[in-house]
>>> print(open('model.cif').read())   # mmCIF, C-alpha atoms
data_run
#
loop_
_atom_site.group_PDB
_atom_site.id
_atom_site.type_symbol
_atom_site.label_atom_id
_atom_site.label_comp_id
_atom_site.auth_asym_id
_atom_site.auth_seq_id
_atom_site.Cartn_x
_atom_site.Cartn_y
_atom_site.Cartn_z
ATOM 1 C CA MET O 6 -33.168 -16.493 -60.735
ATOM 2 C CA ASP O 7 -31.478 -19.765 -60.904
ATOM 3 C CA GLU O 8 -30.248 -21.806 -57.973
ATOM 4 C CA ASN O 9 -26.585 -20.684 -58.279
ATOM 5 C CA GLU O 10 -27.515 -16.987 -58.099
ATOM 6 C CA LYS O 11 -29.697 -17.581 -55.045
ATOM 7 C CA LEU O 12 -26.895 -19.552 -53.438
ATOM 8 C CA ASN O 13 -24.336 -16.818 -54.240
ATOM 9 C CA GLN O 14 -26.652 -14.125 -52.773
ATOM 10 C CA ALA O 15 -27.190 -16.221 -49.667
ATOM 11 C CA VAL O 16 -23.425 -16.723 -49.276
ATOM 12 C CA GLU O 17 -22.793 -12.977 -49.757
ATOM 13 C CA ALA O 18 -25.509 -12.109 -47.196
ATOM 14 C CA TYR O 19 -24.009 -14.643 -44.787
ATOM 15 C CA GLU O 20 -20.507 -13.193 -45.270
ATOM 16 C CA LYS O 21 -21.795 -9.616 -44.701
ATOM 17 C CA ASN O 22 -23.610 -10.682 -41.538
ATOM 18 C CA PHE O 23 -20.568 -12.624 -40.392
ATOM 19 C CA ASP O 24 -18.354 -9.559 -40.925
ATOM 20 C CA LYS O 25 -20.860 -7.387 -39.013
ATOM 21 C CA ALA O 26 -20.920 -9.888 -36.144
ATOM 22 C CA ALA O 27 -17.114 -10.117 -36.084
ATOM 23 C CA ASN O 28 -16.877 -6.310 -36.119
ATOM 24 C CA THR O 29 -19.409 -6.078 -33.279
ATOM 25 C CA LEU O 30 -17.539 -8.716 -31.271
ATOM 26 C CA GLY O 31 -14.312 -6.783 -31.822
ATOM 27 C CA LYS O 32 -15.934 -3.605 -30.520
ATOM 28 C CA VAL O 33 -17.340 -5.443 -27.514
ATOM 29 C CA GLY O 34 -13.912 -6.974 -26.838
ATOM 30 C CA ARG O 35 -12.217 -3.579 -27.026
ATOM 31 C CA GLY O 36 -14.855 -2.099 -24.739
ATOM 32 C CA ALA O 37 -14.443 -4.947 -22.245
ATOM 33 C CA ASN O 38 -10.654 -4.492 -22.342
ATOM 34 C CA ARG O 39 -11.019 -0.767 -21.658
ATOM 35 C CA LEU O 40 -13.400 -1.521 -18.793
ATOM 36 C CA TYR O 41 -10.876 -4.005 -17.396
ATOM 37 C CA ILE O 42 -8.068 -1.437 -17.636
ATOM 38 C CA GLY O 43 -10.201 1.224 -15.927
ATOM 39 C CA CYS O 44 -11.332 -1.063 -13.096
ATOM 40 C CA THR O 45 -7.811 -2.393 -12.560
ATOM 41 C CA THR O 46 -6.448 1.152 -12.405
ATOM 42 C CA ILE O 47 -9.042 2.136 -9.814
ATOM 43 C CA LEU O 48 -8.436 -0.963 -7.660
ATOM 44 C CA VAL O 49 -4.651 -0.590 -7.759
ATOM 45 C CA ASN O 50 -4.938 3.080 -6.826
ATOM 46 C CA LEU O 51 -7.269 2.215 -3.937
ATOM 47 C CA PHE O 52 -4.612 -0.229 -2.721
ATOM 48 C CA PHE O 53 -1.966 2.501 -2.891
ATOM 49 C CA ALA O 54 -4.342 4.964 -1.202
ATOM 50 C CA ALA O 55 -4.800 2.553 1.714
ATOM 51 C CA PHE O 56 -1.043 2.510 2.291
ATOM 52 C CA CYS O 57 -0.942 6.322 2.007
ATOM 53 C CA LEU O 58 -3.654 6.531 4.650
ATOM 54 C CA TRP O 59 -1.667 4.190 6.877
ATOM 55 C CA GLY O 60 1.356 6.468 6.468
ATOM 56 C CA ALA O 61 -0.793 9.550 7.106
ATOM 57 C CA TYR O 62 -2.149 7.945 10.277
ATOM 58 C CA ALA O 63 1.398 7.162 11.454
ATOM 59 C CA ALA O 64 2.401 10.755 10.686
ATOM 60 C CA SER O 65 -0.593 12.125 12.593
ATOM 61 C CA VAL O 66 0.281 10.013 15.647
ATOM 62 C CA SER O 67 3.882 11.223 15.454
ATOM 63 C CA TRP O 68 2.732 14.827 15.037
ATOM 64 C CA LYS O 69 0.343 14.579 17.979
ATOM 65 C CA LEU O 70 3.115 13.149 20.155
ATOM 66 C CA GLU O 71 5.478 15.858 18.912
ATOM 67 C CA THR O 72 3.098 18.682 19.808
ATOM 68 C CA THR O 73 1.238 17.435 22.897
ATOM 69 C CA GLY O 74 3.274 14.456 24.105
ATOM 70 C CA GLU O 75 5.337 14.341 27.238
ATOM 71 C CA LEU O 76 8.876 13.062 27.579
ATOM 72 C CA THR O 77 10.100 10.456 30.036
ATOM 73 C CA THR O 78 12.817 7.856 30.249
ATOM 74 C CA GLY O 79 12.091 4.261 29.394
ATOM 75 C CA THR O 80 14.001 1.036 29.885
ATOM 76 C CA ILE O 81 14.423 -1.632 27.235
ATOM 77 C CA ILE O 82 13.126 -4.782 28.903
ATOM 78 C CA ARG O 83 13.638 -7.183 25.993
ATOM 79 C CA LEU O 84 14.275 -7.450 22.264
ATOM 80 C CA GLU O 85 11.347 -9.058 20.473
ATOM 81 C CA GLU O 86 12.652 -11.477 17.851
ATOM 82 C CA SER O 87 10.836 -12.051 14.568
ATOM 83 C CA GLU O 88 11.563 -13.311 11.073
ATOM 84 C CA THR O 89 12.192 -11.038 8.116
ATOM 85 C CA SER O 90 9.614 -10.790 5.347
ATOM 86 C CA GLU O 91 11.773 -13.208 3.350
ATOM 87 C CA GLY O 92 11.519 -15.784 6.132
ATOM 88 C CA TYR O 93 15.075 -15.419 7.411
ATOM 89 C CA CYS O 94 15.865 -15.167 11.089
ATOM 90 C CA CYS O 95 16.020 -12.695 12.774
ATOM 91 C CA VAL O 96 15.188 -9.059 13.348
ATOM 92 C CA TYR O 97 14.766 -7.484 16.751
ATOM 93 C CA ALA O 98 12.379 -4.793 17.962
ATOM 94 C CA PRO O 99 12.959 -3.266 21.386
ATOM 95 C CA VAL O 100 10.189 -3.512 23.985
ATOM 96 C CA ILE O 101 10.265 -0.434 26.209
ATOM 97 C CA GLU O 102 8.794 0.023 29.668
ATOM 98 C CA PHE O 103 8.164 3.462 31.180
ATOM 99 C CA GLN O 104 6.331 5.141 34.038
ATOM 100 C CA ALA O 105 3.500 7.646 33.516
ATOM 101 C CA ASN O 106 0.846 8.868 35.925
ATOM 102 C CA GLY O 107 2.099 6.451 38.579
ATOM 103 C CA GLN O 108 1.588 3.396 36.337
ATOM 104 C CA THR O 109 3.931 1.243 34.287
ATOM 105 C CA TYR O 110 3.345 1.014 30.532
ATOM 106 C CA SER O 111 5.198 -0.885 27.837
ATOM 107 C CA PHE O 112 5.221 -0.878 24.056
ATOM 108 C CA GLU O 113 7.084 -2.540 21.230
ATOM 109 C CA SER O 114 8.878 -0.291 18.780
ATOM 110 C CA ASP O 115 7.585 -0.305 15.212
ATOM 111 C CA THR O 116 11.157 -0.433 13.942
ATOM 112 C CA ALA O 117 13.083 -3.688 13.937
ATOM 113 C CA SER O 118 16.611 -4.373 12.731
ATOM 114 C CA ASP O 119 19.039 -7.254 12.385
ATOM 115 C CA GLN O 120 21.718 -5.543 14.445
ATOM 116 C CA SER O 121 19.844 -3.869 17.214
ATOM 117 C CA ALA O 122 20.929 -0.401 18.191
ATOM 118 C CA TYR O 123 19.385 -1.120 21.555
ATOM 119 C CA THR O 124 20.458 -3.398 24.394
ATOM 120 C CA VAL O 125 18.356 -4.898 27.149
ATOM 121 C CA GLY O 126 18.535 -2.652 30.199
ATOM 122 C CA GLY O 127 19.421 0.392 28.108
ATOM 123 C CA GLN O 128 17.682 3.720 28.640
ATOM 124 C CA VAL O 129 15.802 5.598 25.892
ATOM 125 C CA ARG O 130 13.748 8.764 25.766
ATOM 126 C CA VAL O 131 10.052 8.024 25.307
ATOM 127 C CA ARG O 132 7.425 10.437 24.067
ATOM 128 C CA TYR O 133 3.893 9.481 25.123
ATOM 129 C CA ASP O 134 0.373 10.871 25.030
ATOM 130 C CA PRO O 135 -0.544 11.996 28.566
ATOM 131 C CA ALA O 136 -4.240 11.326 27.849
ATOM 132 C CA ASN O 137 -3.450 7.789 26.648
ATOM 133 C CA PRO O 138 0.011 6.581 27.719
ATOM 134 C CA ASN O 139 -0.469 3.408 25.652
ATOM 135 C CA THR O 140 0.297 5.628 22.651
ATOM 136 C CA ALA O 141 4.056 6.020 22.908
ATOM 137 C CA GLN O 142 7.136 6.043 20.695
ATOM 138 C CA ILE O 143 10.857 6.202 21.175
ATOM 139 C CA ASP O 144 11.764 9.887 20.951
ATOM 140 C CA ASN O 145 13.959 9.508 17.917
ATOM 141 C CA PHE O 146 13.405 11.117 14.501
ATOM 142 C CA MET O 147 13.974 7.855 12.614
ATOM 143 C CA GLU O 148 11.650 5.871 14.882
ATOM 144 C CA ARG O 149 8.823 8.363 14.526
ATOM 145 C CA TRP O 150 9.094 9.735 10.997
ATOM 146 C CA LEU O 151 10.856 7.126 8.829
ATOM 147 C CA PHE O 152 7.753 5.081 7.946
ATOM 148 C CA PRO O 153 5.532 8.023 6.908
ATOM 149 C CA ALA O 154 8.443 9.701 5.095
ATOM 150 C CA ILE O 155 9.004 6.600 2.975
ATOM 151 C CA ILE O 156 5.545 5.099 2.476
ATOM 152 C CA ILE O 157 3.598 8.208 1.447
ATOM 153 C CA PRO O 158 5.920 9.390 -1.385
ATOM 154 C CA ALA O 159 6.507 5.798 -2.522
ATOM 155 C CA MET O 160 2.780 5.105 -2.832
ATOM 156 C CA VAL O 161 2.090 8.420 -4.586
ATOM 157 C CA PHE O 162 4.917 7.718 -7.055
ATOM 158 C CA ALA O 163 3.718 4.125 -7.635
ATOM 159 C CA SER O 164 0.158 5.352 -8.175
ATOM 160 C CA LEU O 165 1.263 7.958 -10.712
ATOM 161 C CA LEU O 166 3.413 5.413 -12.526
ATOM 162 C CA VAL O 167 0.695 2.764 -12.721
ATOM 163 C CA THR O 168 -1.923 5.320 -13.749
ATOM 164 C CA PHE O 169 0.353 6.676 -16.498
ATOM 165 C CA PHE O 170 0.915 3.233 -18.028
ATOM 166 C CA MET O 171 -2.714 2.152 -17.644
ATOM 167 C CA VAL O 172 -4.031 5.344 -19.286
ATOM 168 C CA ARG O 173 -1.498 4.829 -22.058
ATOM 169 C CA ALA O 174 -2.698 1.238 -22.521
ATOM 170 C CA TRP O 175 -6.316 2.433 -22.492
ATOM 171 C CA GLN O 176 -5.636 5.085 -25.155
ATOM 172 C CA ARG O 177 -3.819 2.580 -27.356
ATOM 173 C CA ASN O 178 -6.441 -0.065 -26.609
ATOM 174 C CA GLU O 179 -3.693 -2.501 -25.696
ATOM 175 C CA VAL O 180 -4.665 -5.869 -24.295
ATOM 176 C CA ILE O 181 -3.161 -6.160 -20.809
ATOM 177 C CA ILE O 182 -4.678 -9.445 -19.730
#
>>> encode(input="model.cif", output="structure tokens")
Amino acid sequence: MDENEKLNQAVEAYEKNFDKAANTLGKVGRGANRLYIGCTTILVNLFFAAFCLWGAYAASVSWKLETTGELTTGTIIRLEESETSEGYCCVYAPVIEFQANGQTYSFESDTASDQSAYTVGGQVRVRYDPANPNTAQIDNFMERWLFPAIIIPAMVFASLLVTFFMVRAWQRNEVII
């Protein structure tokens, strides 16, 4: 064999090995992308599950108060002012004081609004846990059930939507990074 043939064989062997390496790197890249999609899907769904659990906890507290709670009358002692999530001023949450077992308890409502439906000195019905009067809510359907009724279906829907698109990306081996 002359030098040119040896050189051509060496170049062909190099090109074959280069193609094998490029093919292997492509497979590794696709595998890493699929792993990324799978891990991202799991983490996002865990995030949504945490919010569902928060909503389920709020629903369980409301249910417990509904079934075993006692009713009393409370007085709005002040409106707690806070900023909105966008940083604008202001939303107001009523702070309610009530009597139970000969003691005075107070709590801040979980619901705040820009135009308060409540006025200082106003009377509201309060439902509280007789075993732990610090667990109390305004006896109003919206106050007690709005958060769980919104957050749980919203998080389930978001989870299904994200999972659908991530599985679709995984099947198509789309790069999502």
>>> closest_residue(input="model.cif", among="O:Gln14, O:Thr46, O:Gln176, O:Ser87", to="Thr116 (chain O)", atoms="all atoms listed in the file")
O:Ser87
>>> resolve_selection(input="model.cif", expression="the PyMOL selection byres ((chain O and resi 124) around 12)", output="count of residues only")
20
>>> resolve_selection(input="model.cif", expression="the PyMOL selection byres ((chain O and resi 39) around 12)", output="NGL selection string")
:O and (32-38 or 40-46 or 171-182)
>>> atom_distance(input="model.cif", atom1="CA of Arg149 (chain O)", atom2="CA of Val167 (chain O)")
29.0 Å
>>> closest_residue(input="model.cif", among="O:Glu17, O:Glu102, O:Asp7, O:Asp115", to="Leu151 (chain O)", atoms="all atoms listed in the file")
O:Asp115
>>> atom_distance(input="model.cif", atom1="CA of Trp68 (chain O)", atom2="CA of Asn50 (chain O)")
26.0 Å
